[in-house]
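First up is the structure itself, then whatever we jot down about it.
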Amino acid sequence: GNYITMRMRGKKPVNNLIAWRFILVCAVIFLVFVTLVSRAAYLQVIEPDKARSESDKRTVRIEKLHVQRGMIFDRNGKELAVSVPVVSVYADPKALHKSLVSKVLRQARKNGEDQQTLRENVAELNKRTALYYKNDLRWRELADVLRIEPSKINTRLLDDPTRRFVYLKRQVTPAVANYIGDLRLPGIHLLDESKRYYPAGEVSAHVIGFTNIDGKGIEGIEKLYENALTGEEGRRTIRKDAQGREVEVLDERERVEPESIQLSIDQRIQAIAYKAVKSAVLTYKATSGSAMVVDVKTGEVLAMVNSPSFNPNNLSGAAPHKRRNRAITDLFEPGSTVKPLAILAGLDYGTIQPDDKVDTYPGWMRLGGSLVQDTRNHGEMTLREILKYSSNMGVTKISQTVPKEYFVGLYQKVGFGSDSGTGMVGESSGLFYPNRRWSDHEIAALSFGYNIAVSTAQMARFYAMLGAGGVNRPLTVLKQDSIPEGERVFQQEDVEAVVHMMESVFEEGGTARRVKVDGYRAAGKTGTSKKAAAGGYGDEYVGYFAGIAPASNPRLAVVVLINEPGGDVYYGGATAGPAFAEIISNSLRILNVAPDKDSVAYVKGKDDGA
């Protein structure tokens with residue numbers, strides 16, 4: 001009846017319903033379209049960075065172009081520090097945990113258990129994963145090959161399953177890395193790295209220094225030239241498609257190759273010096289010893305050694321006192337080794353002449369209430385005899401004829417109180433205060449090596465100045481292609497006269513009469529000083545021997561220091577003298593310097609010293 005009534009009224013309900021449905025569908029499609037367009041506009045116009053970031057995470061990759069650390073060579077091209085390839089082992093605990101959970105769930109499915117229930121029971125799931133891990137013998141093999149306690153491996157891998165990176169062992173050998181790779185353990189990865197190796201070992205350890213496990217220089221040349229040796233890694237930013245194929249290079253930065261450093265060190269001379277100093281330290285039961293060899297014509301350091309030393313390839317036994325480069329850090333009062341400077345001061349100022357004599361009678365004197373004395377009364381002495389017998393009275397008398405400011409200024413001009421020029425990390429400038437008020441006795445003590453503290457390097461620079469005829473050059477640990485310009489401090493004829501006088505210490509009656517330099521005329525000076533202690537001076541001594549050779553045409557300056565020798569023999573001539581003779585004669589032969597006297601041998605015996 002309704003249908004007949006609707007037909008009679010002229011209405012078409014079916015067509016209206018279809019029209020409304022069509023309008024509704026169009027409206028929904030339009031809203032969806034507007035939503036999509038709005039979202040696209042928001043992502044591309046208002047906040048495009050997020051879309052780019054998500055896209056880049058899936059397609060952009062960064063490739064690093066690694067560089068090896070630069071090498072360090074001696075002056076003749078011998079390798080002193082090289083980088084060798086090694087592999088580090090690291091773990092991804094989160095990936096391992098996920099792998100273990102998957103295996104546990106698969107096993108549960110095989111046993112007919114409900115996986116969802118097991119997932120929700122965290123305690124039970126962790127218990128089963130730990131058991132699954134424990135029953136896999138490959139993990140014990142990993143601990144054995146890495147030489148790590150299994151409990152430590154377990155702690156690193158299982159305690160925090162949210163971590164993504166943890167080192168298990170740094171710098172393992174390629175053979176160990178291959179073995180671990182063959183185990184195919186989940187979450188265990190290998191990382192290619194490089195390790196620093198030092199072929200010279202303890203002989204050159206203090207000069208070269210070492211790097212930490214990440215390849216960063218910690219001490220010595222490794223730290224001093226860190227930037228040059230490191231270089232800079234290159235980077236390629238590329239885009240890949242879903243199949244991993246490279247489709248676009250977004251950015252490319254060339255790597256900066258590291259520099260190689262060539263030192264002034266001659267490893268042959270370095271080895272000779274180290275052997276001689278180590279032998280002296282052991283023979284005289286000393287606390288430590290140092291030595292430096294310098295080319296007087298260029299200021300190049302050919303050897304810098306210390307004993308005790310350490311093995312930079314294995315730092316497990318390298319105590320801090322062994323790692324200290326004592327040649328540049330430790331300071332001592334130089335004693336009689338500075339007496340040539342007092343005589344040079346008198347010659348340079350003009351108060352004495354090379355053939356003058358100085359009256360030291362009666363062998364002692366008082367200055368400002370303090371006593372200056374010799375071991376015996378030498379009476380009237382030539383300048384040569386003052387150095388030969390190491391007379392405190394002689395240099396004191398000379399120092400009193402020179403104005404204090406001028407005398408103290410010369411100590412400053414030859415490099416005392418300032419860095420030697422090597423630039424080495426930790427170098428000390430010494431203890432010397434030239435601008436304070438100096439009493440007469442303090443000037444006298446300064447003339448024979450007290451009231452000043454210097455390093456072995458500073459003393460080597462002073463003797464290199466003597467060998468260079470009065471030209472003072474800073475020391476350098478880098479090989480020089482030309483002779484550096486120095487500063488003339490003294491007239492050449494005055495220096496040559498003093499060098500000739502210094503040959504007398506090796507003559508009969510001299511403080512180094514039993515020290516014989518094989519085949520060469522040498523000019524040297526012994527030095528023995530008491531070590532300062534609380535309230536004055538203690539019972540410990542420092543023995544010095546410093547000199548140059550050949551005296552006819554100096555080529556090398558050598559300084560040897562023996563710190564706190566034990567026993568009754570402590571004079572510098574006895575403790576440091578034999579090492580000096582061994583170092584300088586063998587070094588000159590290596591450098592093909594022609595001998596300028598007949599060969600003689602060192603005669604053992606107790607030395608009078610100075």
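Residue names in the structure tokens use chain letters A, B, ... in the order shown, residue numbers from 1 in each chain, and ligand numbers from 1 in the order shown.
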
Exercise. Find the spatial neighbours of Ala579 of chain A, counting only C-alpha atoms, within a cut-off of 8 Å - ignore same-chain residues fewer than 5 positions away - and output them as a VMD selection string.
Key: chain A and resid 273 276 to 277 280 560

Generate the output file for the selected residues, N, CA and C atoms, as a PDB file, in the first residue's frame.
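Ended up saving to result.pdb:
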ATOM      1  N   ALA A 273     124.451   4.581  23.475  1.00  0.00           N
ATOM      2  CA  ALA A 273     124.288   5.406  24.673  1.00  0.00           C
ATOM      3  C   ALA A 273     123.435   4.700  25.714  1.00  0.00           C
ATOM      4  N   ALA A 276     125.437   1.963  27.454  1.00  0.00           N
ATOM      5  CA  ALA A 276     126.455   2.494  28.360  1.00  0.00           C
ATOM      6  C   ALA A 276     125.834   3.030  29.643  1.00  0.00           C
ATOM      7  N   VAL A 277     124.731   3.758  29.531  1.00  0.00           N
ATOM      8  CA  VAL A 277     124.085   4.328  30.719  1.00  0.00           C
ATOM      9  C   VAL A 277     123.468   3.234  31.582  1.00  0.00           C
ATOM     10  N   ALA A 280     126.181   1.553  33.497  1.00  0.00           N
ATOM     11  CA  ALA A 280     126.689   2.379  34.597  1.00  0.00           C
ATOM     12  C   ALA A 280     125.728   2.385  35.772  1.00  0.00           C
ATOM     13  N   VAL A 560     126.707  12.880  30.338  1.00  0.00           N
ATOM     14  CA  VAL A 560     126.240  11.683  31.047  1.00  0.00           C
ATOM     15  C   VAL A 560     125.990  12.051  32.499  1.00  0.00           C
TER      16      VAL A 560
END

Practice problem: Mind checking which residues fall within 7 Å of Ile265 of chain A, counting only C-alpha atoms, ignoring those fewer than 5 positions away in the same chain, and posting them as an MDAnalysis selection string? | Solution: chainID A and resid 74:75 301:303 477

Practice problem: Apply DSSP to the structure's backbone, then extract all residues of segment 301-507 of chain A labelled strand (DSSP E) and return them as an MDAnalysis selection string. | Solution: chainID A and resid 301:307 357:359 364:367 370:373 380:382 471:472 487:488

Practice problem: Give me the residues within 12 Å of Ser264 of chain A as number ranges by chain, counting only C-alpha atoms and dropping any in the same chain fewer than 4 places off. | Solution: A: 72-78, 80, 207-208, 221, 268-270, 293-295, 298-304, 422, 475-481

Exercise. Would you mind telling me which residue in A:Ala205, A:Leu591, A:Ala523, A:Ile483 lies nearest to Glu496 of chain A when using only C-alpha atoms?
Key: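 Ranked by minimum distance to Glu496 of chain A, first place goes to A:Ala523.
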
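Nearest to Ile398 of chain A of all the residues A:Asn377, A:Ile343, A:Gly426, A:Pro550 is A:Ile343, based on only C-alpha atoms.
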
Practice problem: If you run DSSP over the backbone, which residues in segment 181-353 of chain A end up helix (DSSP H, G or I)? Put them as a PyMOL selection string. | Solution: chain A and resi 181-183+201-203+205-208+220-224+226-230+267-283+315-317+320-323+326-329+335-349

Self-check item: Top pick for closest residue to Pro578 of chain A, considering A:Tyr433, A:Tyr406, A:Trp438, A:Tyr284 and counting only C-alpha atoms
Solution: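 Among A:Tyr433, A:Tyr406, A:Trp438, A:Tyr284, it is A:Tyr284 that comes nearest to Pro578 of chain A.
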
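Using only C-alpha atoms, the nearest neighbour of Ser482 of chain A within the list A:Pro150, A:Thr237, A:Ala594, A:Lys297 is A:Lys297.
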
Exercise. Grab the atom CA of Pro85 of chain A to atom CA of Pro174 of chain A distance for me, in Å with one decimal place.
Key: 8.2 Å

Quiz item: How many Å separate atom CA of Phe545 of chain A from atom CA of Leu431 of chain A?
Solution: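 Computing it gives 20.4 Å between the two atoms.
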
Quiz prompt | For Val101 of chain A, the nearest of the candidates A:His206, A:Arg326, A:Lys127, A:Lys275, counting only C-alpha atoms | solution = A:Lys127

Quiz item: Just how far from atom CA of Leu344 of chain A is atom CA of Leu466 of chain A, in Å to one decimal?
Solution: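 It comes out at 10.0 Å.
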